[in-house]
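Shown next: target29.txt, containing compact mmCIF, C-alpha atoms and all ligand atoms.
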# COMPACT_ATOMS: atom_id res chain seq x y z
CA MET F 1 10.80 -14.03 -10.96
CA SER F 2 11.80 -16.74 -8.53
CA THR F 3 9.21 -18.16 -6.21
CA CYS F 4 9.67 -20.07 -3.00
CA ARG F 5 7.51 -22.48 -1.06
CA CYS F 6 8.73 -20.60 1.99
CA GLU F 7 8.93 -23.81 4.02
CA GLY F 8 9.66 -23.01 7.63
CA GLU F 9 10.37 -19.41 6.83
CA HIS F 10 8.38 -16.21 6.66
CA LEU F 11 7.48 -14.52 3.41
CA ALA F 12 10.44 -12.25 2.91
CA ASP F 13 8.77 -9.22 1.47
CA ARG F 14 5.10 -8.26 1.44
CA ARG F 15 4.22 -4.82 0.06
CA PHE F 16 1.19 -2.66 -0.48
CA ALA F 17 0.79 0.52 -2.50
CA ILE F 18 -2.31 2.64 -2.28
CA ILE F 19 -3.27 5.63 -4.42
CA GLY F 20 -4.87 8.57 -2.63
CA HIS F 21 -6.31 10.45 -5.59
CA ARG F 22 -7.22 13.56 -3.61
CA ALA F 23 -4.98 13.05 -0.57
CA LYS F 24 -3.15 16.24 0.28
CA SER F 25 0.55 15.98 -0.64
CA ASN F 26 1.71 19.27 0.84
CA GLY F 27 1.08 21.78 3.59
CA LYS F 28 -0.88 21.58 6.79
CA LEU F 29 -2.96 18.49 7.51
CA ASN F 30 -5.92 18.91 9.84
CA ILE F 31 -5.95 15.59 11.67
CA ASN F 32 -9.51 16.35 12.82
CA ASP F 33 -10.68 16.41 9.19
CA LEU F 34 -8.76 13.68 7.38
CA ALA F 35 -11.71 12.75 5.17
CA GLY F 36 -12.64 16.29 4.12
CA SER F 37 -9.81 18.78 3.84
CA GLY F 38 -7.29 15.90 3.97
CA GLY F 39 -8.69 14.51 0.69
CA ARG F 40 -9.71 11.10 2.09
CA MET F 41 -6.45 10.77 3.98
CA ASP F 42 -8.50 8.64 6.41
CA VAL F 43 -8.54 5.87 3.79
CA LEU F 44 -4.73 5.90 3.59
CA VAL F 45 -4.35 5.94 7.36
CA ARG F 46 -6.60 2.89 7.74
CA ALA F 47 -4.61 1.14 5.00
CA ILE F 48 -1.36 1.77 6.90
CA ASN F 49 -2.96 0.41 10.05
CA SER F 50 -4.18 -2.79 8.36
CA ALA F 51 -0.93 -3.32 6.46
CA LEU F 52 1.45 -2.96 9.38
CA PHE F 53 -0.24 -3.75 12.67
CA LEU F 54 -0.83 -7.10 14.31
CA SER F 55 -2.83 -7.32 17.51
CA HIS F 56 0.41 -6.81 19.41
CA GLY F 57 3.25 -5.50 17.33
CA ILE F 58 4.18 -4.72 13.76
CA ARG F 59 4.52 -7.02 10.76
CA LYS F 60 8.22 -6.80 10.09
CA ASP F 61 7.89 -8.46 6.67
CA THR F 62 5.53 -5.77 5.38
CA HIS F 63 5.75 -2.26 4.07
CA ILE F 64 3.30 0.15 2.53
CA THR F 65 3.71 3.10 0.22
CA ILE F 66 0.98 5.70 0.17
CA HIS F 67 0.61 7.96 -2.86
CA MET F 68 -0.69 11.44 -2.16
CA MET F 69 -1.87 12.83 -5.45
CA GLY F 70 -4.07 15.71 -4.28
CA GLY F 71 -3.78 19.24 -2.97
CA GLU F 72 -1.30 21.74 -4.29
CA GLY F 73 2.22 21.02 -5.45
CA PRO F 74 3.81 17.85 -6.77
CA PRO F 75 2.66 14.39 -5.70
CA ARG F 76 4.43 12.74 -2.81
CA ARG F 77 4.87 9.14 -1.67
CA ILE F 78 5.44 8.06 1.91
CA TRP F 79 6.90 4.61 2.60
CA PHE F 80 6.32 2.98 5.98
CA ASP F 81 8.69 0.06 6.53
CA GLY F 82 7.47 -2.42 9.16
CA ALA F 83 10.99 -3.79 9.64
CA LYS F 84 12.45 -0.47 10.70
CA VAL F 85 9.70 1.83 11.90
CA TRP F 86 9.42 2.66 15.57
CA GLY F 87 7.23 5.05 17.52
CA LEU F 88 4.27 4.28 15.25
CA HIS F 89 1.04 3.39 17.04
CA PRO F 90 -2.11 1.93 15.55
CA ASP F 91 -4.54 4.69 16.41
CA GLU F 92 -5.56 6.66 13.36
CA ARG F 93 -4.85 10.13 14.69
CA ALA F 94 -1.34 9.07 15.69
CA ILE F 95 -0.62 7.68 12.21
CA ALA F 96 -2.08 10.85 10.68
CA GLY F 97 0.21 12.89 12.96
CA HIS F 98 3.26 11.25 11.32
CA ILE F 99 1.87 12.01 7.86
CA ALA F 100 1.19 15.62 8.88
CA LYS F 101 4.85 16.06 9.86
CA VAL F 102 6.05 14.61 6.55
CA ILE F 103 3.81 16.70 4.31
CA ALA F 104 4.92 19.88 6.07
CA GLU F 105 8.36 19.22 4.49
CA PRO F 106 9.25 20.06 0.87
CA VAL F 107 8.60 17.20 -1.56
CA PRO F 108 11.87 15.41 -2.43
CA ALA F 109 12.76 14.87 -6.08
CA ARG F 110 10.88 12.22 -8.02
CA GLY F 111 12.33 8.83 -7.13
CA HIS F 112 14.67 10.23 -4.46
CA TRP F 113 13.85 8.71 -1.05
CA VAL F 114 14.55 10.83 2.03
CA GLU F 115 14.33 9.30 5.52
CA HIS F 116 12.03 11.41 7.67
CA GLN F 117 12.39 9.26 10.78
CA PRO F 118 13.44 5.63 11.20
CA GLY F 119 11.30 3.49 8.91
CA ILE F 120 9.38 6.40 7.38
CA TRP F 121 10.66 7.73 4.08
CA HIS F 122 9.23 10.12 1.51
CA SER F 123 9.85 10.77 -2.14
CA GLY F 124 8.39 12.64 -5.07
CA GLY F 125 6.66 10.64 -7.75
CA ASP F 126 3.53 8.77 -8.56
CA LEU F 127 2.31 5.29 -9.41
CA SER F 128 4.55 5.07 -12.48
CA VAL F 129 7.65 5.64 -10.34
CA THR F 130 6.64 2.99 -7.78
CA LEU F 131 5.88 0.45 -10.51
CA ASN F 132 9.26 1.10 -12.05
CA GLU F 133 11.11 0.83 -8.73
CA TRP F 134 9.37 -2.41 -7.72
CA SER F 135 9.90 -3.88 -11.15
CA LYS F 136 13.64 -3.24 -10.87
CA GLU F 137 13.59 -4.83 -7.40
CA GLY F 138 12.05 -8.02 -8.85
CA VAL F 139 8.73 -7.72 -7.02
CA GLU F 140 5.84 -9.77 -8.38
CA MET F 141 3.10 -7.16 -8.70
CA VAL F 142 -0.64 -7.59 -8.30
CA LYS F 143 -3.50 -5.20 -8.95
CA LEU F 144 -6.30 -5.85 -6.50
CA ASP F 145 -9.49 -5.90 -8.55
CA ALA F 146 -12.79 -7.51 -7.52
CA GLU F 147 -13.62 -8.28 -11.15
CA ALA F 148 -10.43 -10.21 -11.89
CA THR F 149 -9.70 -13.93 -11.45
CA ALA F 150 -9.63 -15.32 -7.93
CA PHE F 151 -6.55 -15.16 -5.69
CA SER F 152 -6.62 -18.97 -5.27
CA GLU F 153 -6.14 -19.44 -9.02
CA HIS F 154 -2.81 -17.62 -8.77
CA TYR F 155 -1.51 -18.49 -5.32
CA ASN F 156 -2.41 -21.70 -3.62
CA THR F 157 0.54 -23.46 -2.04
CA THR F 158 3.27 -21.32 -3.55
CA ILE F 159 3.82 -17.63 -3.05
CA PRO F 160 6.52 -15.38 -4.45
CA SER F 161 9.34 -14.34 -2.14
CA SER F 162 8.57 -10.70 -2.92
CA ILE F 163 5.02 -9.67 -3.69
CA GLY F 164 3.40 -6.24 -3.98
CA PHE F 165 -0.31 -5.36 -4.09
CA PHE F 166 -1.74 -2.18 -5.61
CA LEU F 167 -5.05 -0.77 -4.50
CA SER F 168 -7.00 2.40 -4.96
CA ASP F 169 -8.76 4.59 -2.42
CA ASP F 170 -12.51 5.27 -2.47
CA GLN F 171 -12.28 6.07 -6.19
CA PRO F 172 -11.53 3.58 -8.98
CA PHE F 173 -8.09 3.64 -10.59
CA SER F 174 -8.03 6.22 -13.39
CA ASP F 175 -7.76 5.14 -17.04
CA ALA F 176 -4.11 6.25 -17.10
CA GLU F 177 -3.38 4.27 -13.93
CA ASN F 178 -5.12 1.20 -15.36
CA ILE F 179 -2.96 1.38 -18.50
CA LEU F 180 0.19 1.47 -16.35
CA LEU F 181 -1.03 -1.28 -14.04
CA LYS F 182 -1.86 -3.51 -17.01
CA LYS F 183 1.75 -3.26 -18.13
CA TYR F 184 3.27 -4.31 -14.80
CA THR F 185 0.72 -6.26 -12.76
CA ASN F 186 -1.61 -9.25 -12.75
CA PRO F 187 -5.15 -8.41 -11.65
CA ILE F 188 -6.42 -10.59 -8.81
CA SER F 189 -9.75 -10.70 -7.01
CA LEU F 190 -10.39 -11.32 -3.34
CA GLY F 191 -14.08 -11.95 -4.00
CA LYS F 192 -16.83 -10.43 -6.11
CA LYS F 193 -17.90 -7.86 -3.51
CA TRP F 194 -15.92 -4.60 -3.48
CA VAL F 195 -14.72 -4.01 0.05
CA GLN F 196 -12.89 -1.07 1.57
CA GLY F 197 -9.17 -0.85 0.93
CA HIS F 198 -8.09 -1.61 4.49
CA THR F 199 -10.36 -4.67 4.50
CA ALA F 200 -8.79 -5.84 1.22
CA ILE F 201 -5.35 -5.55 2.86
CA GLY F 202 -6.56 -7.60 5.84
CA VAL F 203 -7.87 -10.29 3.48
CA VAL F 204 -4.54 -10.42 1.62
CA HIS F 205 -2.67 -10.86 4.91
CA HIS F 206 -5.07 -13.61 5.93
CA LEU F 207 -4.65 -15.47 2.63
CA LEU F 208 -0.85 -15.20 2.64
CA ASP F 209 -0.62 -16.08 6.33
CA SER F 210 -2.85 -19.14 5.73
CA ILE F 211 -0.54 -20.42 2.99
CA ILE F 212 2.48 -19.98 5.25
CA ASP F 213 0.68 -21.61 8.21
CA GLN F 214 0.00 -24.74 6.12
CA GLN F 215 3.66 -25.24 5.31
C1 LIG F 301 -13.04 0.88 -1.83
S1 LIG F 301 -12.28 -0.10 -3.05
C2 LIG F 301 -12.48 0.93 -4.49
C3 LIG F 301 -13.83 0.84 -5.02
C4 LIG F 301 -13.97 1.64 -6.27
N1 LIG F 301 -15.38 1.95 -6.44
C5 LIG F 301 -13.49 0.90 -7.49
O1 LIG F 301 -14.28 0.61 -8.38
O2 LIG F 301 -12.28 0.62 -7.58
C6 LIG F 301 -10.57 0.13 -2.70
C7 LIG F 301 -9.63 -0.86 -3.32
O3 LIG F 301 -9.71 -2.08 -2.63
C8 LIG F 301 -9.42 -3.15 -3.49
N2 LIG F 301 -10.54 -4.09 -3.44
C9 LIG F 301 -11.74 -3.89 -2.86
N3 LIG F 301 -12.50 -4.99 -2.97
C10 LIG F 301 -11.76 -5.92 -3.62
C11 LIG F 301 -11.98 -7.26 -4.01
N4 LIG F 301 -13.13 -7.87 -3.77
N5 LIG F 301 -11.01 -7.89 -4.67
C12 LIG F 301 -9.83 -7.29 -4.92
N6 LIG F 301 -9.55 -6.03 -4.56
C13 LIG F 301 -10.51 -5.34 -3.91
C14 LIG F 301 -9.25 -2.59 -4.88
O4 LIG F 301 -7.88 -2.47 -5.19
C15 LIG F 301 -9.87 -1.22 -4.77
O5 LIG F 301 -9.23 -0.30 -5.63

Conversion result in structure tokens:
Amino acid sequence: MSTCRCEGEHLADRRFAIIGHRAKSNGKLNINDLAGSGGRMDVLVRAINSALFLSHGIRKDTHITIHMMGGEGPPRRIWFDGAKVWGLHPDERAIAGHIAKVIAEPVPARGHWVEHQPGIWHSGGDLSVTLNEWSKEGVEMVKLDAEATAFSEHYNTTIPSSIGFFLSDDQPFSDAENILLKKYTNPISLGKKWVQGHTAIGVVHHLLDSIIDQQ
């Protein structure tokens, strides 16, 4: 994996992947009940918000893949690409509205990405498929884990040109997920206190932005 000091340039590719263990992958989403009948879809919506939105505008170097593992039918992933998405607004109900439209569609085949609207794609598959795809794309992959070694021990003045962070929802990663993550990722902590997923994403942005700002 090549790394760059990214002098005078933006980090080329910053990614997040979040697992929604109970998030509904199919059917009708009640945007008034994202936490309950949506299977903690609220957690995924907040993660999308933190990953993509600046105070004014979208982070064009960032994308996020949400994994909807709950409900009936096969799991589905939705990929929001900050470089290409338009018509996405930061309020949570609006983001949930986009997800609702996607999950009303049939789930595409595992690993087959279908564009739903500009910058929003969906595909069948689960964590294992995303890990495999990102590995083939040469992404340096990180599992966010409060109990791991500190971020600063891994990234201080140098950051990879393509970096992807995996986080879980309100539940811990399952044993099977941890086995997969161990194979592909380095675990990194943002501090000893467990924070909510969207906060963890905000901290990652802050740390990466700070490194770039110092260059
Ligand atoms: C609400 S936390 C999950 C808490 C859950 N009880 C657990 O044990 O994983 C959501 C995700 O945010 C990330 N996270 C939260 N706090 C973190 C920290 N201090 N360092 C690194 N990652 C963190 C982790 O990836 C975690 O899976």

* **Residue among F:Glu147, F:Asp126, F:Glu140, F:Asp91 lying closest to Ile159 in chain F, counting all atoms listed in the file** =>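 Smallest separation from Ile159 in chain F among the options: F:Glu140.
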
* Asked: What residues have any atom no more than 6 Å from ligand LIG 301 (chain F) when counting only C-alpha atoms and all ligand atoms, and can you list them as a ChimeraX atom specification?
  -> /F:144-146,167-173,189-197,200

* Structure fact -> Residue with the minimum atom-to-atom distance to Asn156 in chain F, picked from F:Leu44, F:Ile78, F:Met141, F:Leu207 with all atoms listed in the file counted, is F:Leu207

Could you give me, as a PDB file with C-alpha atoms, in the frame of the given file, the residues within 12 Å of Asn32 in chain F, counting all atoms listed in the file and dropping anything in the same chain fewer than 6 positions from it?
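Printed below is around-v5.pdb as written:
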ATOM      1  CA  GLY F  38      -7.290  15.900   3.970  1.00  0.00           C
ATOM      2  CA  ARG F  40      -9.710  11.100   2.090  1.00  0.00           C
ATOM      3  CA  MET F  41      -6.450  10.770   3.980  1.00  0.00           C
ATOM      4  CA  ASP F  42      -8.500   8.640   6.410  1.00  0.00           C
ATOM      5  CA  GLU F  92      -5.560   6.660  13.360  1.00  0.00           C
ATOM      6  CA  ARG F  93      -4.850  10.130  14.690  1.00  0.00           C
ATOM      7  CA  ALA F  94      -1.340   9.070  15.690  1.00  0.00           C
ATOM      8  CA  ALA F  96      -2.080  10.850  10.680  1.00  0.00           C
ATOM      9  CA  GLY F  97       0.210  12.890  12.960  1.00  0.00           C
ATOM     10  CA  ALA F 100       1.190  15.620   8.880  1.00  0.00           C
TER      11      ALA F 100
END

* Who sits within 7 Å of range 57-64 of chain F, only C-alpha atoms, same chain under 2 positions skipped, as a list in words ->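 Final neighbour list, sorted by chain and number: Leu11, Ala12, Asp13, Arg14, Arg15, Phe16, Ala17, Ile48, Ala51, Leu52, Phe53, Leu54, Ser55, Ile66, Trp79, Phe80, Asp81, Gly82 and Ala83 of chain F.
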
* Asked: So how far away is CA of Ile163 in chain F from CA of His206 in chain F, in Å?
  ->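 Separation of CA of His206 in chain F and CA of Ile163 in chain F: 14.5 Å.
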